[in-house]
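See below for input_18.cif, which holds mmCIF, N, CA, C and O atoms, pLDDT in the B column; chains and numbers go by the auth columns.
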```cif
data_model
#
loop_
_atom_site.group_PDB
_atom_site.id
_atom_site.type_symbol
_atom_site.label_atom_id
_atom_site.label_comp_id
_atom_site.label_asym_id
_atom_site.label_seq_id
_atom_site.Cartn_x
_atom_site.Cartn_y
_atom_site.Cartn_z
_atom_site.B_iso_or_equiv
_atom_site.auth_seq_id
_atom_site.auth_asym_id
ATOM 1 N N MET A 1 -40.404 63.892 35.202 75.00 1 A
ATOM 2 C CA MET A 1 -41.654 64.414 34.710 75.00 1 A
ATOM 3 C C MET A 1 -41.442 65.777 34.037 75.00 1 A
ATOM 4 O O MET A 1 -42.096 66.060 33.046 75.00 1 A
ATOM 5 N N ALA A 2 -40.555 66.585 34.603 72.00 2 A
ATOM 6 C CA ALA A 2 -40.309 67.908 34.029 72.00 2 A
ATOM 7 C C ALA A 2 -39.720 67.791 32.632 72.00 2 A
ATOM 8 O O ALA A 2 -40.048 68.582 31.746 72.00 2 A
ATOM 9 N N ALA A 3 -38.873 66.792 32.418 72.00 3 A
ATOM 10 C CA ALA A 3 -38.275 66.605 31.103 72.00 3 A
ATOM 11 C C ALA A 3 -39.307 66.141 30.086 72.00 3 A
ATOM 12 O O ALA A 3 -39.297 66.575 28.930 72.00 3 A
ATOM 13 N N ILE A 4 -40.205 65.294 30.503 72.00 4 A
ATOM 14 C CA ILE A 4 -41.202 64.755 29.586 72.00 4 A
ATOM 15 C C ILE A 4 -42.229 65.817 29.198 72.00 4 A
ATOM 16 O O ILE A 4 -42.574 65.959 28.024 72.00 4 A
ATOM 17 N N PHE A 5 -42.701 66.592 30.180 75.00 5 A
ATOM 18 C CA PHE A 5 -43.777 67.549 29.939 75.00 5 A
ATOM 19 C C PHE A 5 -43.297 68.964 29.627 75.00 5 A
ATOM 20 O O PHE A 5 -44.108 69.884 29.544 75.00 5 A
ATOM 21 N N LYS A 6 -41.982 69.159 29.480 74.00 6 A
ATOM 22 C CA LYS A 6 -41.377 70.457 29.128 74.00 6 A
ATOM 23 C C LYS A 6 -41.770 71.567 30.103 74.00 6 A
ATOM 24 O O LYS A 6 -42.163 72.653 29.718 74.00 6 A
ATOM 25 N N TRP A 7 -41.674 71.287 31.406 74.00 7 A
ATOM 26 C CA TRP A 7 -41.994 72.303 32.394 74.00 7 A
ATOM 27 C C TRP A 7 -40.931 73.384 32.356 74.00 7 A
ATOM 28 O O TRP A 7 -39.725 73.124 32.322 74.00 7 A
ATOM 29 N N ASN A 8 -41.354 74.643 32.392 74.00 8 A
ATOM 30 C CA ASN A 8 -40.458 75.786 32.221 74.00 8 A
ATOM 31 C C ASN A 8 -39.410 75.920 33.319 74.00 8 A
ATOM 32 O O ASN A 8 -38.298 76.373 33.064 74.00 8 A
ATOM 33 N N TRP A 9 -39.731 75.566 34.555 73.00 9 A
ATOM 34 C CA TRP A 9 -38.782 75.780 35.648 73.00 9 A
ATOM 35 C C TRP A 9 -37.515 74.959 35.474 73.00 9 A
ATOM 36 O O TRP A 9 -36.485 75.265 36.064 73.00 9 A
ATOM 37 N N LEU A 10 -37.557 73.927 34.651 69.00 10 A
ATOM 38 C CA LEU A 10 -36.362 73.109 34.422 69.00 10 A
ATOM 39 C C LEU A 10 -35.267 73.917 33.730 69.00 10 A
ATOM 40 O O LEU A 10 -34.084 73.712 33.983 69.00 10 A
ATOM 41 N N LEU A 11 -35.655 74.860 32.891 69.00 11 A
ATOM 42 C CA LEU A 11 -34.683 75.628 32.111 69.00 11 A
ATOM 43 C C LEU A 11 -34.515 77.065 32.590 69.00 11 A
ATOM 44 O O LEU A 11 -33.936 77.882 31.892 69.00 11 A
ATOM 45 N N GLU A 12 -35.005 77.392 33.785 69.00 12 A
ATOM 46 C CA GLU A 12 -34.856 78.751 34.302 69.00 12 A
ATOM 47 C C GLU A 12 -33.390 79.056 34.590 69.00 12 A
ATOM 48 O O GLU A 12 -32.645 78.190 35.043 69.00 12 A
ATOM 49 N N PRO A 13 -32.968 80.310 34.350 58.00 13 A
ATOM 50 C CA PRO A 13 -31.568 80.673 34.573 58.00 13 A
ATOM 51 C C PRO A 13 -31.115 80.574 36.015 58.00 13 A
ATOM 52 O O PRO A 13 -29.929 80.480 36.277 58.00 13 A
ATOM 53 N N VAL A 14 -32.025 80.573 36.978 67.00 14 A
ATOM 54 C CA VAL A 14 -31.626 80.468 38.381 67.00 14 A
ATOM 55 C C VAL A 14 -31.476 79.018 38.810 67.00 14 A
ATOM 56 O O VAL A 14 -31.235 78.737 39.973 67.00 14 A
ATOM 57 N N GLY A 15 -31.600 78.099 37.877 66.00 15 A
ATOM 58 C CA GLY A 15 -31.471 76.675 38.170 66.00 15 A
ATOM 59 C C GLY A 15 -30.020 76.291 38.402 66.00 15 A
ATOM 60 O O GLY A 15 -29.151 77.130 38.636 66.00 15 A
ATOM 61 N N SER A 16 -29.738 75.018 38.300 76.00 16 A
ATOM 62 C CA SER A 16 -28.390 74.541 38.589 76.00 16 A
ATOM 63 C C SER A 16 -27.409 74.938 37.487 76.00 16 A
ATOM 64 O O SER A 16 -27.773 75.056 36.315 76.00 16 A
ATOM 65 N N ARG A 17 -26.179 75.125 37.868 82.00 17 A
ATOM 66 C CA ARG A 17 -25.138 75.479 36.896 82.00 17 A
ATOM 67 C C ARG A 17 -24.883 74.337 35.929 82.00 17 A
ATOM 68 O O ARG A 17 -24.578 74.564 34.763 82.00 17 A
ATOM 69 N N PHE A 18 -25.012 73.115 36.421 80.00 18 A
ATOM 70 C CA PHE A 18 -24.798 71.948 35.563 80.00 18 A
ATOM 71 C C PHE A 18 -25.811 71.933 34.420 80.00 18 A
ATOM 72 O O PHE A 18 -25.455 71.720 33.264 80.00 18 A
ATOM 73 N N MET A 19 -27.085 72.168 34.740 77.00 19 A
ATOM 74 C CA MET A 19 -28.109 72.172 33.706 77.00 19 A
ATOM 75 C C MET A 19 -27.926 73.343 32.744 77.00 19 A
ATOM 76 O O MET A 19 -28.182 73.224 31.553 77.00 19 A
ATOM 77 N N MET A 20 -27.483 74.481 33.247 80.00 20 A
ATOM 78 C CA MET A 20 -27.232 75.619 32.354 80.00 20 A
ATOM 79 C C MET A 20 -26.060 75.305 31.422 80.00 20 A
ATOM 80 O O MET A 20 -26.071 75.676 30.255 80.00 20 A
ATOM 81 N N PHE A 21 -25.046 74.598 31.928 86.00 21 A
ATOM 82 C CA PHE A 21 -23.924 74.171 31.090 86.00 21 A
ATOM 83 C C PHE A 21 -24.405 73.230 29.990 86.00 21 A
ATOM 84 O O PHE A 21 -24.055 73.389 28.822 86.00 21 A
ATOM 85 N N ILE A 22 -25.248 72.264 30.363 83.00 22 A
ATOM 86 C CA ILE A 22 -25.806 71.336 29.379 83.00 22 A
ATOM 87 C C ILE A 22 -26.653 72.090 28.366 83.00 22 A
ATOM 88 O O ILE A 22 -26.602 71.827 27.166 83.00 22 A
ATOM 89 N N TYR A 23 -27.435 73.073 28.836 83.00 23 A
ATOM 90 C CA TYR A 23 -28.279 73.868 27.951 83.00 23 A
ATOM 91 C C TYR A 23 -27.431 74.631 26.941 83.00 23 A
ATOM 92 O O TYR A 23 -27.756 74.684 25.761 83.00 23 A
ATOM 93 N N GLU A 24 -26.327 75.216 27.406 87.00 24 A
ATOM 94 C CA GLU A 24 -25.447 75.965 26.499 87.00 24 A
ATOM 95 C C GLU A 24 -24.771 75.047 25.490 87.00 24 A
ATOM 96 O O GLU A 24 -24.545 75.442 24.349 87.00 24 A
ATOM 97 N N MET A 25 -24.456 73.831 25.898 90.00 25 A
ATOM 98 C CA MET A 25 -23.768 72.896 25.010 90.00 25 A
ATOM 99 C C MET A 25 -24.723 72.232 24.008 90.00 25 A
ATOM 100 O O MET A 25 -24.410 72.121 22.835 90.00 25 A
ATOM 101 N N PHE A 26 -25.889 71.773 24.494 88.00 26 A
ATOM 102 C CA PHE A 26 -26.750 70.935 23.676 88.00 26 A
ATOM 103 C C PHE A 26 -28.146 71.486 23.431 88.00 26 A
ATOM 104 O O PHE A 26 -28.931 70.875 22.705 88.00 26 A
ATOM 105 N N GLY A 27 -28.507 72.572 24.084 86.00 27 A
ATOM 106 C CA GLY A 27 -29.829 73.150 23.897 86.00 27 A
ATOM 107 C C GLY A 27 -30.879 72.491 24.779 86.00 27 A
ATOM 108 O O GLY A 27 -30.579 71.680 25.658 86.00 27 A
ATOM 109 N N GLU A 28 -32.134 72.842 24.508 82.00 28 A
ATOM 110 C CA GLU A 28 -33.235 72.350 25.336 82.00 28 A
ATOM 111 C C GLU A 28 -33.374 70.837 25.252 82.00 28 A
ATOM 112 O O GLU A 28 -33.619 70.167 26.256 82.00 28 A
ATOM 113 N N SER A 29 -33.198 70.274 24.089 85.00 29 A
ATOM 114 C CA SER A 29 -33.310 68.817 23.938 85.00 29 A
ATOM 115 C C SER A 29 -32.263 68.096 24.769 85.00 29 A
ATOM 116 O O SER A 29 -32.558 67.058 25.371 85.00 29 A
ATOM 117 N N GLY A 30 -31.056 68.630 24.809 85.00 30 A
ATOM 118 C CA GLY A 30 -29.995 68.025 25.612 85.00 30 A
ATOM 119 C C GLY A 30 -30.330 68.017 27.093 85.00 30 A
ATOM 120 O O GLY A 30 -30.095 67.033 27.781 85.00 30 A
ATOM 121 N N VAL A 31 -30.889 69.126 27.577 82.00 31 A
ATOM 122 C CA VAL A 31 -31.274 69.202 28.990 82.00 31 A
ATOM 123 C C VAL A 31 -32.369 68.196 29.284 82.00 31 A
ATOM 124 O O VAL A 31 -32.338 67.501 30.300 82.00 31 A
ATOM 125 N N ARG A 32 -33.337 68.090 28.393 83.00 32 A
ATOM 126 C CA ARG A 32 -34.429 67.141 28.603 83.00 32 A
ATOM 127 C C ARG A 32 -33.906 65.707 28.615 83.00 32 A
ATOM 128 O O ARG A 32 -34.327 64.887 29.436 83.00 32 A
ATOM 129 N N ILE A 33 -32.985 65.378 27.729 87.00 33 A
ATOM 130 C CA ILE A 33 -32.430 64.022 27.678 87.00 33 A
ATOM 131 C C ILE A 33 -31.608 63.722 28.922 87.00 33 A
ATOM 132 O O ILE A 33 -31.773 62.666 29.545 87.00 33 A
ATOM 133 N N VAL A 34 -30.717 64.635 29.305 85.00 34 A
ATOM 134 C CA VAL A 34 -29.869 64.428 30.485 85.00 34 A
ATOM 135 C C VAL A 34 -30.724 64.303 31.740 85.00 34 A
ATOM 136 O O VAL A 34 -30.508 63.417 32.564 85.00 34 A
ATOM 137 N N THR A 35 -31.719 65.171 31.884 84.00 35 A
ATOM 138 C CA THR A 35 -32.599 65.116 33.045 84.00 35 A
ATOM 139 C C THR A 35 -33.370 63.804 33.076 84.00 35 A
ATOM 140 O O THR A 35 -33.516 63.182 34.131 84.00 35 A
ATOM 141 N N GLY A 36 -33.844 63.364 31.929 86.00 36 A
ATOM 142 C CA GLY A 36 -34.557 62.093 31.858 86.00 36 A
ATOM 143 C C GLY A 36 -33.681 60.914 32.229 86.00 36 A
ATOM 144 O O GLY A 36 -34.104 60.018 32.968 86.00 36 A
ATOM 145 N N ILE A 37 -32.446 60.915 31.760 91.00 37 A
ATOM 146 C CA ILE A 37 -31.513 59.826 32.075 91.00 37 A
ATOM 147 C C ILE A 37 -31.177 59.816 33.563 91.00 37 A
ATOM 148 O O ILE A 37 -31.209 58.765 34.205 91.00 37 A
ATOM 149 N N ILE A 38 -30.870 60.982 34.114 90.00 38 A
ATOM 150 C CA ILE A 38 -30.539 61.064 35.543 90.00 38 A
ATOM 151 C C ILE A 38 -31.732 60.629 36.395 90.00 38 A
ATOM 152 O O ILE A 38 -31.572 59.871 37.359 90.00 38 A
ATOM 153 N N GLY A 39 -32.924 61.079 36.036 89.00 39 A
ATOM 154 C CA GLY A 39 -34.121 60.692 36.770 89.00 39 A
ATOM 155 C C GLY A 39 -34.364 59.194 36.716 89.00 39 A
ATOM 156 O O GLY A 39 -34.703 58.564 37.722 89.00 39 A
ATOM 157 N N THR A 40 -34.181 58.604 35.543 92.00 40 A
ATOM 158 C CA THR A 40 -34.368 57.163 35.388 92.00 40 A
ATOM 159 C C THR A 40 -33.361 56.384 36.223 92.00 40 A
ATOM 160 O O THR A 40 -33.718 55.396 36.878 92.00 40 A
ATOM 161 N N ILE A 41 -32.117 56.823 36.232 96.00 41 A
ATOM 162 C CA ILE A 41 -31.081 56.159 37.027 96.00 41 A
ATOM 163 C C ILE A 41 -31.423 56.224 38.514 96.00 41 A
ATOM 164 O O ILE A 41 -31.307 55.223 39.234 96.00 41 A
ATOM 165 N N ILE A 42 -31.878 57.388 38.981 95.00 42 A
ATOM 166 C CA ILE A 42 -32.236 57.530 40.392 95.00 42 A
ATOM 167 C C ILE A 42 -33.396 56.604 40.753 95.00 42 A
ATOM 168 O O ILE A 42 -33.359 55.934 41.793 95.00 42 A
ATOM 169 N N ILE A 43 -34.409 56.555 39.899 95.00 43 A
ATOM 170 C CA ILE A 43 -35.553 55.677 40.169 95.00 43 A
ATOM 171 C C ILE A 43 -35.121 54.223 40.220 95.00 43 A
ATOM 172 O O ILE A 43 -35.509 53.474 41.120 95.00 43 A
ATOM 173 N N ILE A 44 -34.289 53.785 39.274 97.00 44 A
ATOM 174 C CA ILE A 44 -33.810 52.397 39.249 97.00 44 A
ATOM 175 C C ILE A 44 -33.003 52.081 40.499 97.00 44 A
ATOM 176 O O ILE A 44 -33.164 51.010 41.106 97.00 44 A
ATOM 177 N N LEU A 45 -32.141 53.001 40.924 97.00 45 A
ATOM 178 C CA LEU A 45 -31.338 52.768 42.130 97.00 45 A
ATOM 179 C C LEU A 45 -32.207 52.635 43.371 97.00 45 A
ATOM 180 O O LEU A 45 -31.958 51.768 44.218 97.00 45 A
ATOM 181 N N PHE A 46 -33.218 53.477 43.503 97.00 46 A
ATOM 182 C CA PHE A 46 -34.104 53.377 44.653 97.00 46 A
ATOM 183 C C PHE A 46 -34.903 52.085 44.641 97.00 46 A
ATOM 184 O O PHE A 46 -35.111 51.467 45.684 97.00 46 A
ATOM 185 N N ILE A 47 -35.349 51.654 43.477 97.00 47 A
ATOM 186 C CA ILE A 47 -36.076 50.383 43.389 97.00 47 A
ATOM 187 C C ILE A 47 -35.165 49.219 43.749 97.00 47 A
ATOM 188 O O ILE A 47 -35.561 48.311 44.492 97.00 47 A
ATOM 189 N N MET A 48 -33.937 49.239 43.254 97.00 48 A
ATOM 190 C CA MET A 48 -32.983 48.179 43.592 97.00 48 A
ATOM 191 C C MET A 48 -32.705 48.163 45.093 97.00 48 A
ATOM 192 O O MET A 48 -32.642 47.096 45.704 97.00 48 A
ATOM 193 N N ASP A 49 -32.525 49.340 45.695 96.00 49 A
ATOM 194 C CA ASP A 49 -32.277 49.431 47.132 96.00 49 A
ATOM 195 C C ASP A 49 -33.476 48.900 47.908 96.00 49 A
ATOM 196 O O ASP A 49 -33.313 48.169 48.891 96.00 49 A
ATOM 197 N N TRP A 50 -34.679 49.232 47.477 96.00 50 A
ATOM 198 C CA TRP A 50 -35.889 48.743 48.136 96.00 50 A
ATOM 199 C C TRP A 50 -35.994 47.218 48.051 96.00 50 A
ATOM 200 O O TRP A 50 -36.340 46.572 49.034 96.00 50 A
ATOM 201 N N ILE A 51 -35.654 46.656 46.900 95.00 51 A
ATOM 202 C CA ILE A 51 -35.707 45.194 46.723 95.00 51 A
ATOM 203 C C ILE A 51 -34.661 44.516 47.588 95.00 51 A
ATOM 204 O O ILE A 51 -34.939 43.494 48.208 95.00 51 A
ATOM 205 N N ILE A 52 -33.470 45.053 47.647 95.00 52 A
ATOM 206 C CA ILE A 52 -32.389 44.453 48.429 95.00 52 A
ATOM 207 C C ILE A 52 -32.723 44.471 49.911 95.00 52 A
ATOM 208 O O ILE A 52 -32.461 43.497 50.629 95.00 52 A
ATOM 209 N N ARG A 53 -33.284 45.568 50.417 92.00 53 A
ATOM 210 C CA ARG A 53 -33.595 45.689 51.843 92.00 53 A
ATOM 211 C C ARG A 53 -34.814 44.882 52.262 92.00 53 A
ATOM 212 O O ARG A 53 -35.041 44.669 53.435 92.00 53 A
ATOM 213 N N LYS A 54 -35.618 44.458 51.323 81.00 54 A
ATOM 214 C CA LYS A 54 -36.841 43.721 51.621 81.00 54 A
ATOM 215 C C LYS A 54 -36.590 42.379 52.159 81.00 54 A
ATOM 216 O O LYS A 54 -35.919 41.664 52.464 81.00 54 A
#
```
Transcribe the structure of this file into structure tokens.
Amino acid sequence: MAAIFKWNWLLEPVGSRFMMFIYEMFGESGVRIVTGIIGTIIIILFIMDWIIRK
């Protein structure tokens, strides 16, 4: 959600070093894309785990 709605705390300097590295390499768009991809992967994995355990 933070990537989609451009929430400021996603790009704060006190955030994760990984995101700051991505920000330095690719800029704000890169951080938004990487965060969106990681979030989507996590959601898919949890849904798959929920289906398997059902």
Can you list, as a PyMOL selection string, every residue of chain A that DSSP puts in helix (DSSP H, G or I)?
chain A and resi 2-5+8-11+17-53
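Across the model, the gap from atom CA of Ile4 of chain A to atom CA of Ile33 of chain A is 9.0 Å.
In this comparison, which uses only C-alpha atoms, the residue of A:Trp50, A:Ile37, A:Ser29, A:Ile43 approaching Lys6 of chain A most closely is A:Ser29.
Rounded to one decimal, atom CA of Ile47 of chain A and atom N of Trp7 of chain A lie 24.7 Å from each other.
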